[in-house]
file entry-v7.txt (compact mmCIF, C-alpha atoms)
# COMPACT_ATOMS: atom_id res chain seq x y z
CA MET A 1 115.85 106.52 117.21
CA THR A 2 114.01 105.87 113.94
CA GLU A 3 110.59 107.25 113.14
CA ILE A 4 108.86 103.99 113.96
CA ASP A 5 110.52 103.93 117.39
CA ARG A 6 109.07 107.38 118.01
CA MET A 7 105.66 106.11 116.89
CA LEU A 8 105.81 103.08 119.18
CA GLU A 9 106.70 105.37 122.08
CA ALA A 10 103.85 107.76 121.22
CA ASN A 11 101.51 104.76 121.05
CA THR A 12 102.11 103.90 124.71
CA GLN A 13 100.61 107.30 125.57
CA TRP A 14 97.63 106.64 123.28
CA ALA A 15 97.07 103.25 124.93
CA GLU A 16 97.05 104.88 128.37
CA ARG A 17 94.12 107.11 127.40
CA PHE A 18 92.54 104.47 125.12
CA PRO A 19 88.80 105.18 124.76
CA GLY A 20 87.79 101.50 124.83
CA SER A 21 86.89 98.88 122.24
CA ARG A 22 84.28 99.34 119.52
CA PRO A 23 82.53 96.91 117.13
CA VAL A 24 84.25 96.08 113.84
CA ALA A 25 81.34 97.44 111.73
CA PRO A 26 81.55 101.27 111.38
CA ALA A 27 78.89 102.97 113.53
CA ARG A 28 78.07 105.68 110.99
CA LYS A 29 78.06 103.26 108.02
CA VAL A 30 80.38 105.48 105.96
CA ALA A 31 83.56 104.81 104.02
CA VAL A 32 85.88 107.75 103.35
CA VAL A 33 88.16 107.55 100.28
CA ALA A 34 90.94 110.14 100.52
CA CYS A 35 94.41 111.03 99.36
CA MET A 36 97.38 109.84 101.45
CA ASP A 37 98.50 113.46 101.91
CA SER A 38 100.19 114.10 105.26
CA ARG A 39 98.15 117.23 105.97
CA MET A 40 94.77 115.50 106.35
CA PRO A 41 94.11 113.97 109.80
CA LEU A 42 90.71 112.70 108.72
CA PHE A 43 89.22 111.88 112.12
CA PRO A 44 89.26 115.45 113.54
CA LEU A 45 88.93 116.99 110.07
CA LEU A 46 85.58 115.22 109.50
CA GLY A 47 84.46 114.99 113.13
CA LEU A 48 84.88 111.21 113.28
CA GLU A 49 85.11 109.25 116.51
CA VAL A 50 86.88 105.91 116.94
CA GLY A 51 84.66 103.26 115.30
CA ASP A 52 82.69 105.64 113.06
CA ALA A 53 83.90 105.13 109.48
CA HIS A 54 86.26 103.17 107.23
CA VAL A 55 89.15 105.19 105.89
CA ILE A 56 90.66 104.22 102.52
CA ARG A 57 93.63 106.28 101.33
CA ASN A 58 96.04 106.18 98.39
CA ALA A 59 98.07 108.56 96.24
CA GLY A 60 95.51 111.04 94.93
CA GLY A 61 92.49 109.46 96.59
CA VAL A 62 91.67 108.02 93.17
CA VAL A 63 89.38 105.06 92.54
CA THR A 64 91.51 102.04 91.61
CA ASP A 65 90.78 98.31 91.63
CA ASP A 66 92.10 98.29 95.19
CA THR A 67 89.72 101.08 96.21
CA LEU A 68 86.85 99.04 94.76
CA ARG A 69 88.07 95.91 96.56
CA SER A 70 88.13 97.84 99.84
CA LEU A 71 84.71 99.43 99.31
CA THR A 72 83.19 96.08 98.39
CA ILE A 73 84.47 94.55 101.62
CA SER A 74 83.32 97.66 103.50
CA GLN A 75 79.77 97.38 102.14
CA HIS A 76 79.25 93.62 101.81
CA LEU A 77 81.00 92.46 104.97
CA LEU A 78 80.86 95.47 107.27
CA GLY A 79 77.66 97.31 106.38
CA THR A 80 78.71 100.77 105.13
CA ARG A 81 76.23 102.50 102.81
CA GLU A 82 77.74 105.92 101.96
CA VAL A 83 81.03 106.90 100.34
CA VAL A 84 82.71 110.29 100.85
CA LEU A 85 85.65 111.27 98.61
CA VAL A 86 88.28 113.71 99.89
CA HIS A 87 90.77 115.12 97.37
CA HIS A 88 92.79 118.25 98.25
CA THR A 89 94.55 121.32 96.89
CA ASP A 90 98.34 121.35 96.27
CA CYS A 91 98.35 117.60 95.54
CA GLY A 92 101.61 115.86 94.59
CA MET A 93 99.66 114.07 91.84
CA GLN A 94 99.32 117.36 89.96
CA LYS A 95 103.09 117.92 89.87
CA THR A 96 103.93 115.40 87.12
CA ASP A 97 102.19 113.16 84.57
CA ASP A 98 102.08 109.36 84.21
CA GLN A 99 104.85 109.28 81.60
CA GLY A 100 107.08 111.63 83.62
CA LEU A 101 106.62 109.55 86.77
CA ALA A 102 107.43 106.25 85.02
CA ASP A 103 110.50 107.84 83.38
CA LEU A 104 111.71 109.20 86.74
CA VAL A 105 111.35 105.83 88.47
CA GLU A 106 113.11 104.02 85.63
CA GLU A 107 115.98 106.54 85.51
CA THR A 108 116.52 106.35 89.27
CA THR A 109 116.12 102.62 89.90
CA GLY A 110 116.52 100.96 86.51
CA HIS A 111 113.00 99.52 86.83
CA ARG A 112 109.85 100.78 85.13
CA PRO A 113 106.75 100.30 87.33
CA PRO A 114 104.09 97.88 86.02
CA TRP A 115 101.17 100.22 86.83
CA THR A 116 99.94 103.67 85.74
CA GLY A 117 100.60 106.63 88.07
CA ARG A 118 97.03 108.00 87.90
CA THR A 119 98.26 111.62 88.06
CA PHE A 120 95.73 114.32 87.21
CA THR A 121 95.61 118.01 86.40
CA ASP A 122 92.04 119.11 87.16
CA LEU A 123 91.13 118.47 90.80
CA ASP A 124 87.35 118.93 90.51
CA ALA A 125 87.23 116.83 87.32
CA ASP A 126 89.07 114.00 89.04
CA VAL A 127 86.59 114.03 91.93
CA ARG A 128 83.71 113.89 89.43
CA GLU A 129 85.35 111.05 87.52
CA SER A 130 85.81 109.11 90.78
CA MET A 131 82.12 109.61 91.63
CA GLU A 132 81.12 108.36 88.17
CA ILE A 133 83.24 105.23 88.51
CA LEU A 134 81.69 104.41 91.89
CA ARG A 135 78.14 105.02 90.64
CA GLY A 136 78.80 102.65 87.75
CA THR A 137 80.35 99.79 89.71
CA PRO A 138 77.74 97.01 89.61
CA TYR A 139 79.05 94.88 92.46
CA LEU A 140 78.76 97.62 95.11
CA LEU A 141 75.63 97.50 97.30
CA SER A 142 75.26 101.29 97.59
CA HIS A 143 76.05 104.00 95.04
CA GLU A 144 75.50 106.87 97.47
CA VAL A 145 78.65 108.90 96.90
CA ARG A 146 79.58 112.52 97.43
CA GLY A 147 82.85 114.25 96.64
CA THR A 148 84.83 117.01 98.32
CA VAL A 149 88.07 118.94 97.96
CA TYR A 150 90.03 119.92 101.09
CA ASP A 151 91.92 123.21 101.07
CA VAL A 152 95.29 122.51 102.74
CA ALA A 153 95.81 126.25 103.29
CA THR A 154 92.58 126.88 105.23
CA GLY A 155 91.37 123.50 106.51
CA GLN A 156 88.04 123.88 104.71
CA LEU A 157 86.18 121.22 102.73
CA ARG A 158 84.29 122.16 99.58
CA GLU A 159 81.70 119.82 98.13
CA ILE A 160 81.91 119.01 94.40
CA VAL A 161 78.52 118.59 92.74
CA MET B 1 70.93 115.10 107.48
CA THR B 2 73.21 112.52 105.84
CA GLU B 3 76.58 111.53 107.23
CA ILE B 4 78.46 113.73 104.80
CA ASP B 5 76.38 116.73 105.89
CA ARG B 6 77.45 116.01 109.46
CA MET B 7 81.07 115.79 108.30
CA LEU B 8 80.88 119.10 106.43
CA GLU B 9 79.44 120.74 109.53
CA ALA B 10 82.16 119.23 111.74
CA ASN B 11 84.74 120.48 109.25
CA THR B 12 83.75 124.11 109.84
CA GLN B 13 84.85 123.62 113.46
CA TRP B 14 88.13 122.06 112.35
CA ALA B 15 88.77 125.00 109.98
CA GLU B 16 88.21 127.46 112.85
CA ARG B 17 91.04 125.89 114.86
CA PHE B 18 93.12 125.04 111.75
CA PRO B 19 96.79 124.75 112.76
CA GLY B 20 98.09 126.38 109.55
CA SER B 21 99.53 125.17 106.26
CA ARG B 22 102.42 122.73 105.93
CA PRO B 23 104.65 121.70 103.00
CA VAL B 24 103.44 118.89 100.72
CA ALA B 25 106.49 116.66 101.51
CA PRO B 26 106.01 114.78 104.82
CA ALA B 27 108.21 116.27 107.57
CA ARG B 28 109.12 112.91 109.14
CA LYS B 29 109.71 111.20 105.76
CA VAL B 30 107.51 108.23 106.67
CA ALA B 31 104.66 106.47 104.88
CA VAL B 32 102.22 104.47 106.99
CA VAL B 33 100.37 101.57 105.31
CA ALA B 34 97.37 100.52 107.39
CA CYS B 35 94.02 98.79 107.31
CA MET B 36 90.91 100.93 106.65
CA ASP B 37 89.45 99.78 109.99
CA SER B 38 87.30 102.44 111.68
CA ARG B 39 88.96 101.96 115.05
CA MET B 40 92.38 103.32 114.08
CA PRO B 41 92.73 107.12 114.15
CA LEU B 42 96.34 106.94 112.99
CA PHE B 43 97.44 110.48 113.78
CA PRO B 44 96.92 110.31 117.57
CA LEU B 45 97.56 106.57 117.66
CA LEU B 46 101.09 107.06 116.26
CA GLY B 47 101.75 110.55 117.63
CA LEU B 48 101.63 112.19 114.18
CA GLU B 49 101.15 115.90 113.66
CA VAL B 50 99.63 117.51 110.55
CA GLY B 51 102.25 117.28 107.78
CA ASP B 52 104.29 114.43 109.31
CA ALA B 53 103.60 111.28 107.27
CA HIS B 54 101.73 109.84 104.31
CA VAL B 55 98.87 107.54 105.24
CA ILE B 56 97.90 104.76 102.83
CA ARG B 57 94.95 102.59 103.85
CA ASN B 58 92.96 99.75 102.30
CA ALA B 59 91.02 96.66 103.35
CA GLY B 60 93.51 94.68 105.43
CA GLY B 61 96.41 97.08 105.04
CA VAL B 62 97.77 94.62 102.49
CA VAL B 63 100.36 95.44 99.83
CA THR B 64 98.64 95.64 96.44
CA ASP B 65 99.67 97.26 93.15
CA ASP B 66 97.90 100.37 94.38
CA THR B 67 99.91 100.37 97.61
CA LEU B 68 103.10 100.11 95.56
CA ARG B 69 101.92 102.93 93.27
CA SER B 70 101.27 105.13 96.31
CA LEU B 71 104.59 104.29 97.98
CA THR B 72 106.50 104.93 94.76
CA ILE B 73 104.95 108.39 94.48
CA SER B 74 105.57 108.93 98.20
CA GLN B 75 109.28 108.10 97.87
CA HIS B 76 110.16 109.37 94.39
CA LEU B 77 108.11 112.57 94.34
CA LEU B 78 107.70 113.45 98.02
CA GLY B 79 110.82 112.17 99.75
CA THR B 80 109.65 109.53 102.26
CA ARG B 81 112.25 106.93 103.25
CA GLU B 82 110.59 104.63 105.81
CA VAL B 83 107.46 102.48 105.67
CA VAL B 84 105.45 101.43 108.73
CA LEU B 85 102.76 98.75 108.37
CA VAL B 86 99.77 98.69 110.74
CA HIS B 87 97.53 95.62 110.72
CA HIS B 88 95.17 94.97 113.64
CA THR B 89 93.34 92.35 115.68
CA ASP B 90 89.67 91.47 114.97
CA CYS B 91 90.06 92.32 111.27
CA GLY B 92 87.12 91.89 108.89
CA MET B 93 89.53 90.27 106.43
CA GLN B 94 89.83 87.25 108.73
CA LYS B 95 86.08 86.62 108.72
CA THR B 96 85.82 85.08 105.23
CA ASP B 97 88.04 83.83 102.41
CA ASP B 98 88.53 85.05 98.83
CA GLN B 99 86.13 82.48 97.38
CA GLY B 100 83.47 83.18 100.01
CA LEU B 101 83.70 86.92 99.42
CA ALA B 102 83.40 86.59 95.63
CA ASP B 103 80.44 84.21 96.04
CA LEU B 104 78.70 86.61 98.44
CA VAL B 105 79.13 89.58 96.10
CA GLU B 106 77.90 87.59 93.11
CA GLU B 107 74.88 86.21 94.98
CA THR B 108 73.87 89.67 96.23
CA THR B 109 74.49 91.79 93.12
CA GLY B 110 74.69 89.35 90.23
CA HIS B 111 78.24 90.50 89.49
CA ARG B 112 81.46 88.71 90.38
CA PRO B 113 84.28 91.16 91.20
CA PRO B 114 87.29 91.17 88.83
CA TRP B 115 89.85 91.22 91.66
CA THR B 116 90.93 88.93 94.53
CA GLY B 117 89.74 89.78 98.06
CA ARG B 118 93.16 89.37 99.69
CA THR B 119 91.63 87.96 102.87
CA PHE B 120 94.00 86.29 105.33
CA THR B 121 93.91 84.07 108.39
CA ASP B 122 97.25 84.61 110.16
CA LEU B 123 97.74 88.26 111.12
CA ASP B 124 101.46 88.13 111.90
CA ALA B 125 102.17 86.09 108.76
CA ASP B 126 100.37 88.65 106.62
CA VAL B 127 102.45 91.48 108.10
CA ARG B 128 105.63 89.50 107.38
CA GLU B 129 104.49 88.77 103.82
CA SER B 130 103.79 92.48 103.28
CA MET B 131 107.27 93.38 104.54
CA GLU B 132 108.81 90.82 102.18
CA ILE B 133 106.94 92.21 99.18
CA LEU B 134 108.10 95.74 99.97
CA ARG B 135 111.71 94.68 100.49
CA GLY B 136 111.66 92.94 97.12
CA THR B 137 110.09 95.76 95.08
CA PRO B 138 112.93 97.03 92.85
CA TYR B 139 111.45 100.37 91.87
CA LEU B 140 111.17 101.70 95.45
CA LEU B 141 113.98 104.00 96.61
CA SER B 142 113.98 102.75 100.21
CA HIS B 143 113.31 99.27 101.57
CA GLU B 144 113.29 100.35 105.21
CA VAL B 145 110.09 98.75 106.43
CA ARG B 146 108.79 97.69 109.81
CA GLY B 147 105.53 96.00 110.65
CA THR B 148 103.11 96.23 113.57
CA VAL B 149 99.79 94.83 114.76
CA TYR B 150 97.37 97.12 116.63
CA ASP B 151 95.24 95.61 119.38
CA VAL B 152 91.76 97.13 118.98
CA ALA B 153 90.85 96.06 122.52
CA THR B 154 93.74 97.85 124.29
CA GLY B 155 95.06 100.48 121.86
CA GLN B 156 98.54 98.97 121.93
CA LEU B 157 100.85 98.41 118.97
CA ARG B 158 103.05 95.31 118.83
CA GLU B 159 106.00 95.17 116.45
CA ILE B 160 106.34 92.09 114.22
CA VAL B 161 109.93 91.03 113.60
call {"tool": "encode", "arguments": {"input": "entry-v7.txt", "output": "structure tokens"}}
result
Amino acid sequence: MTEIDRMLEANTQWAERFPGSRPVAPARKVAVVACMDSRMPLFPLLGLEVGDAHVIRNAGGVVTDDTLRSLTISQHLLGTREVVLVHHTDCGMQKTDDQGLADLVEETTGHRPPWTGRTFTDLDADVRESMEILRGTPYLLSHEVRGTVYDVATGQLREIV
Amino acid sequence: MTEIDRMLEANTQWAERFPGSRPVAPARKVAVVACMDSRMPLFPLLGLEVGDAHVIRNAGGVVTDDTLRSLTISQHLLGTREVVLVHHTDCGMQKTDDQGLADLVEETTGHRPPWTGRTFTDLDADVRESMEILRGTPYLLSHEVRGTVYDVATGQLREIV
């Protein structure tokens, strides 16, 4: 049985206790932008219920063109008005640099990726940089953004100001 | 109290029942690529535990350069070897088209976004297109990918083949 088969089986149990449908627009008008890290189940971690908030995740939780595309759709089409960033300690993005990542991929597959890895060294600085980018993006409707770092060893969030 | 204040308060409760630390590499070696939709708490929906799988999410759950960046890091640096796509019914991305979205953003803010919205009309076709892109990306280590659509009215996943 592959992992997706296990997930499909687990989903039948979820569907049996399904809490019911909700509107497409997030009830709490928030979009969360977080790292893809496997140790962050964002709904319980942030006290979110089904239907509360958009959840955008990528490697590092960094602000890319795709993050901005998603936030624009979130705000313009679906009414969110706050952004919450969630980076975390012990991030895979701190374990290499952009050059090292591109070299590794090229050595292993023979193909150099056409994008930049967006690795970082200073966690707090990267959260601040992400906040700055969002505050300076003219086509967003709201620039209300706050940033946090999640400690994967304790489960605690720390706000970055 | 803003929404993030509520989240920080909820997080103190999460930290009190924190299940303990896990390694950075996902235990089940899976990366999930899903839509940002607020009605999909992916951990319980797929039967995932803390530390099991990477979770990549954007508007539509579409495969963009940023998705490929995240999956490359997931596979090359953190050992995942399967990808599971999760699109869903009643998606905001089906409510407009790329031109309409860009026009709306420009009319409201005076700025036209520099990217394409990646809206779609046919849900199953978009899942299949995403699978094709992933299977044809030469710098990924694994091309094991399966696609699903989540029904937001019933909680059930349906595999797309």
call {"tool": "interface_residues", "arguments": {"input": "entry-v7.txt", "of": "chain B", "to": "chain A", "cutoff": "6 Å", "atoms": "all atoms listed in the file", "output": "ChimeraX atom specification"}}
result
/B:7,10-11,14-15,18,21,26,36-39,45-47,50-59,70,109,111,139,153,155-156
call {"tool": "write_last_selection", "arguments": {"input": "entry-v7.txt", "atoms": "C-alpha atoms", "output": "short mmCIF file (atom, residue, chain, number, x, y, z; two decimals), keeping the file's coordinate frame"}}
result
data_model
loop_
_atom_site.label_atom_id
_atom_site.label_comp_id
_atom_site.auth_asym_id
_atom_site.auth_seq_id
_atom_site.Cartn_x
_atom_site.Cartn_y
_atom_site.Cartn_z
CA MET B 7 81.07 115.79 108.30
CA ALA B 10 82.16 119.23 111.74
CA ASN B 11 84.74 120.48 109.25
CA TRP B 14 88.13 122.06 112.35
CA ALA B 15 88.77 125.00 109.98
CA PHE B 18 93.12 125.04 111.75
CA SER B 21 99.53 125.17 106.26
CA PRO B 26 106.01 114.78 104.82
CA MET B 36 90.91 100.93 106.65
CA ASP B 37 89.45 99.78 109.99
CA SER B 38 87.30 102.44 111.68
CA ARG B 39 88.96 101.96 115.05
CA LEU B 45 97.56 106.57 117.66
CA LEU B 46 101.09 107.06 116.26
CA GLY B 47 101.75 110.55 117.63
CA VAL B 50 99.63 117.51 110.55
CA GLY B 51 102.25 117.28 107.78
CA ASP B 52 104.29 114.43 109.31
CA ALA B 53 103.60 111.28 107.27
CA HIS B 54 101.73 109.84 104.31
CA VAL B 55 98.87 107.54 105.24
CA ILE B 56 97.90 104.76 102.83
CA ARG B 57 94.95 102.59 103.85
CA ASN B 58 92.96 99.75 102.30
CA ALA B 59 91.02 96.66 103.35
CA SER B 70 101.27 105.13 96.31
CA THR B 109 74.49 91.79 93.12
CA HIS B 111 78.24 90.50 89.49
CA TYR B 139 111.45 100.37 91.87
CA ALA B 153 90.85 96.06 122.52
CA GLY B 155 95.06 100.48 121.86
CA GLN B 156 98.54 98.97 121.93
#
call {"tool": "atom_distance", "arguments": {"input": "entry-v7.txt", "atom1": "CA of Asp103 (chain A)", "atom2": "CA of Phe120 (chain A)"}}
result
16.6 Å
call {"tool": "atom_distance", "arguments": {"input": "entry-v7.txt", "atom1": "CA of Arg128 (chain B)", "atom2": "CA of Gln99 (chain B)"}}
result
23.0 Å
call {"tool": "build_atoms", "arguments": {"input": "entry-v7.txt", "residues": "region 24-52 of chain A", "atoms": "N, CA and C atoms", "output": "PDB file, in the frame of the given file"}}
result
ATOM      1  N   VAL A  24      83.506  96.010 115.097  1.00  0.00           N
ATOM      2  CA  VAL A  24      84.250  96.080 113.840  1.00  0.00           C
ATOM      3  C   VAL A  24      83.464  96.823 112.748  1.00  0.00           C
ATOM      4  N   ALA A  25      82.142  96.759 112.757  1.00  0.00           N
ATOM      5  CA  ALA A  25      81.340  97.440 111.730  1.00  0.00           C
ATOM      6  C   ALA A  25      81.235  98.932 112.060  1.00  0.00           C
ATOM      7  N   PRO A  26      81.551  99.818 111.109  1.00  0.00           N
ATOM      8  CA  PRO A  26      81.550 101.270 111.380  1.00  0.00           C
ATOM      9  C   PRO A  26      80.174 101.795 111.816  1.00  0.00           C
ATOM     10  N   ALA A  27      80.144 102.507 112.933  1.00  0.00           N
ATOM     11  CA  ALA A  27      78.890 102.970 113.530  1.00  0.00           C
ATOM     12  C   ALA A  27      78.094 103.883 112.607  1.00  0.00           C
ATOM     13  N   ARG A  28      78.777 104.735 111.845  1.00  0.00           N
ATOM     14  CA  ARG A  28      78.070 105.680 110.990  1.00  0.00           C
ATOM     15  C   ARG A  28      77.888 105.166 109.554  1.00  0.00           C
ATOM     16  N   LYS A  29      78.275 103.928 109.306  1.00  0.00           N
ATOM     17  CA  LYS A  29      78.060 103.260 108.020  1.00  0.00           C
ATOM     18  C   LYS A  29      78.601 104.048 106.812  1.00  0.00           C
ATOM     19  N   VAL A  30      79.762 104.678 107.016  1.00  0.00           N
ATOM     20  CA  VAL A  30      80.380 105.480 105.960  1.00  0.00           C
ATOM     21  C   VAL A  30      81.781 104.956 105.667  1.00  0.00           C
ATOM     22  N   ALA A  31      82.167 105.027 104.401  1.00  0.00           N
ATOM     23  CA  ALA A  31      83.560 104.810 104.020  1.00  0.00           C
ATOM     24  C   ALA A  31      84.090 106.094 103.398  1.00  0.00           C
ATOM     25  N   VAL A  32      85.221 106.565 103.896  1.00  0.00           N
ATOM     26  CA  VAL A  32      85.880 107.750 103.350  1.00  0.00           C
ATOM     27  C   VAL A  32      86.989 107.266 102.416  1.00  0.00           C
ATOM     28  N   VAL A  33      87.065 107.843 101.220  1.00  0.00           N
ATOM     29  CA  VAL A  33      88.160 107.550 100.280  1.00  0.00           C
ATOM     30  C   VAL A  33      88.933 108.846 100.079  1.00  0.00           C
ATOM     31  N   ALA A  34      90.190 108.876 100.506  1.00  0.00           N
ATOM     32  CA  ALA A  34      90.940 110.140 100.520  1.00  0.00           C
ATOM     33  C   ALA A  34      92.363 109.948 100.028  1.00  0.00           C
ATOM     34  N   CYS A  35      92.998 111.054  99.730  1.00  0.00           N
ATOM     35  CA  CYS A  35      94.410 111.030  99.360  1.00  0.00           C
ATOM     36  C   CYS A  35      95.251 110.708 100.602  1.00  0.00           C
ATOM     37  N   MET A  36      96.462 110.182 100.357  1.00  0.00           N
ATOM     38  CA  MET A  36      97.380 109.840 101.450  1.00  0.00           C
ATOM     39  C   MET A  36      98.057 111.060 102.061  1.00  0.00           C
ATOM     40  N   ASP A  37      97.790 112.238 101.514  1.00  0.00           N
ATOM     41  CA  ASP A  37      98.500 113.460 101.910  1.00  0.00           C
ATOM     42  C   ASP A  37      98.651 113.617 103.421  1.00  0.00           C
ATOM     43  N   SER A  38      99.839 114.042 103.837  1.00  0.00           N
ATOM     44  CA  SER A  38     100.190 114.100 105.260  1.00  0.00           C
ATOM     45  C   SER A  38      99.459 115.199 106.030  1.00  0.00           C
ATOM     46  N   ARG A  39      98.785 116.086 105.298  1.00  0.00           N
ATOM     47  CA  ARG A  39      98.150 117.230 105.970  1.00  0.00           C
ATOM     48  C   ARG A  39      96.677 117.009 106.268  1.00  0.00           C
ATOM     49  N   MET A  40      96.202 115.760 106.123  1.00  0.00           N
ATOM     50  CA  MET A  40      94.770 115.500 106.350  1.00  0.00           C
ATOM     51  C   MET A  40      94.550 114.462 107.454  1.00  0.00           C
ATOM     52  N   PRO A  41      94.478 114.897 108.711  1.00  0.00           N
ATOM     53  CA  PRO A  41      94.110 113.970 109.800  1.00  0.00           C
ATOM     54  C   PRO A  41      92.593 113.806 109.762  1.00  0.00           C
ATOM     55  N   LEU A  42      92.127 112.748 109.105  1.00  0.00           N
ATOM     56  CA  LEU A  42      90.710 112.700 108.720  1.00  0.00           C
ATOM     57  C   LEU A  42      89.748 112.611 109.893  1.00  0.00           C
ATOM     58  N   PHE A  43      90.168 111.997 110.997  1.00  0.00           N
ATOM     59  CA  PHE A  43      89.220 111.880 112.120  1.00  0.00           C
ATOM     60  C   PHE A  43      88.793 113.259 112.639  1.00  0.00           C
ATOM     61  N   PRO A  44      89.713 114.124 113.075  1.00  0.00           N
ATOM     62  CA  PRO A  44      89.260 115.450 113.540  1.00  0.00           C
ATOM     63  C   PRO A  44      88.737 116.318 112.393  1.00  0.00           C
ATOM     64  N   LEU A  45      89.309 116.151 111.212  1.00  0.00           N
ATOM     65  CA  LEU A  45      88.930 116.990 110.070  1.00  0.00           C
ATOM     66  C   LEU A  45      87.467 116.783 109.670  1.00  0.00           C
ATOM     67  N   LEU A  46      86.969 115.550 109.877  1.00  0.00           N
ATOM     68  CA  LEU A  46      85.580 115.220 109.500  1.00  0.00           C
ATOM     69  C   LEU A  46      84.691 114.992 110.723  1.00  0.00           C
ATOM     70  N   GLY A  47      85.254 115.202 111.920  1.00  0.00           N
ATOM     71  CA  GLY A  47      84.460 114.990 113.130  1.00  0.00           C
ATOM     72  C   GLY A  47      84.173 113.531 113.416  1.00  0.00           C
ATOM     73  N   LEU A  48      85.096 112.634 113.049  1.00  0.00           N
ATOM     74  CA  LEU A  48      84.880 111.210 113.280  1.00  0.00           C
ATOM     75  C   LEU A  48      85.412 110.770 114.641  1.00  0.00           C
ATOM     76  N   GLU A  49      84.673 109.885 115.279  1.00  0.00           N
ATOM     77  CA  GLU A  49      85.110 109.250 116.510  1.00  0.00           C
ATOM     78  C   GLU A  49      85.647 107.848 116.175  1.00  0.00           C
ATOM     79  N   VAL A  50      86.402 107.291 117.096  1.00  0.00           N
ATOM     80  CA  VAL A  50      86.880 105.910 116.940  1.00  0.00           C
ATOM     81  C   VAL A  50      85.679 104.990 116.691  1.00  0.00           C
ATOM     82  N   GLY A  51      85.743 104.201 115.611  1.00  0.00           N
ATOM     83  CA  GLY A  51      84.660 103.260 115.300  1.00  0.00           C
ATOM     84  C   GLY A  51      83.608 103.781 114.347  1.00  0.00           C
ATOM     85  N   ASP A  52      83.741 105.031 113.880  1.00  0.00           N
ATOM     86  CA  ASP A  52      82.690 105.640 113.060  1.00  0.00           C
ATOM     87  C   ASP A  52      82.692 105.234 111.587  1.00  0.00           C
TER      88      ASP A  52
END
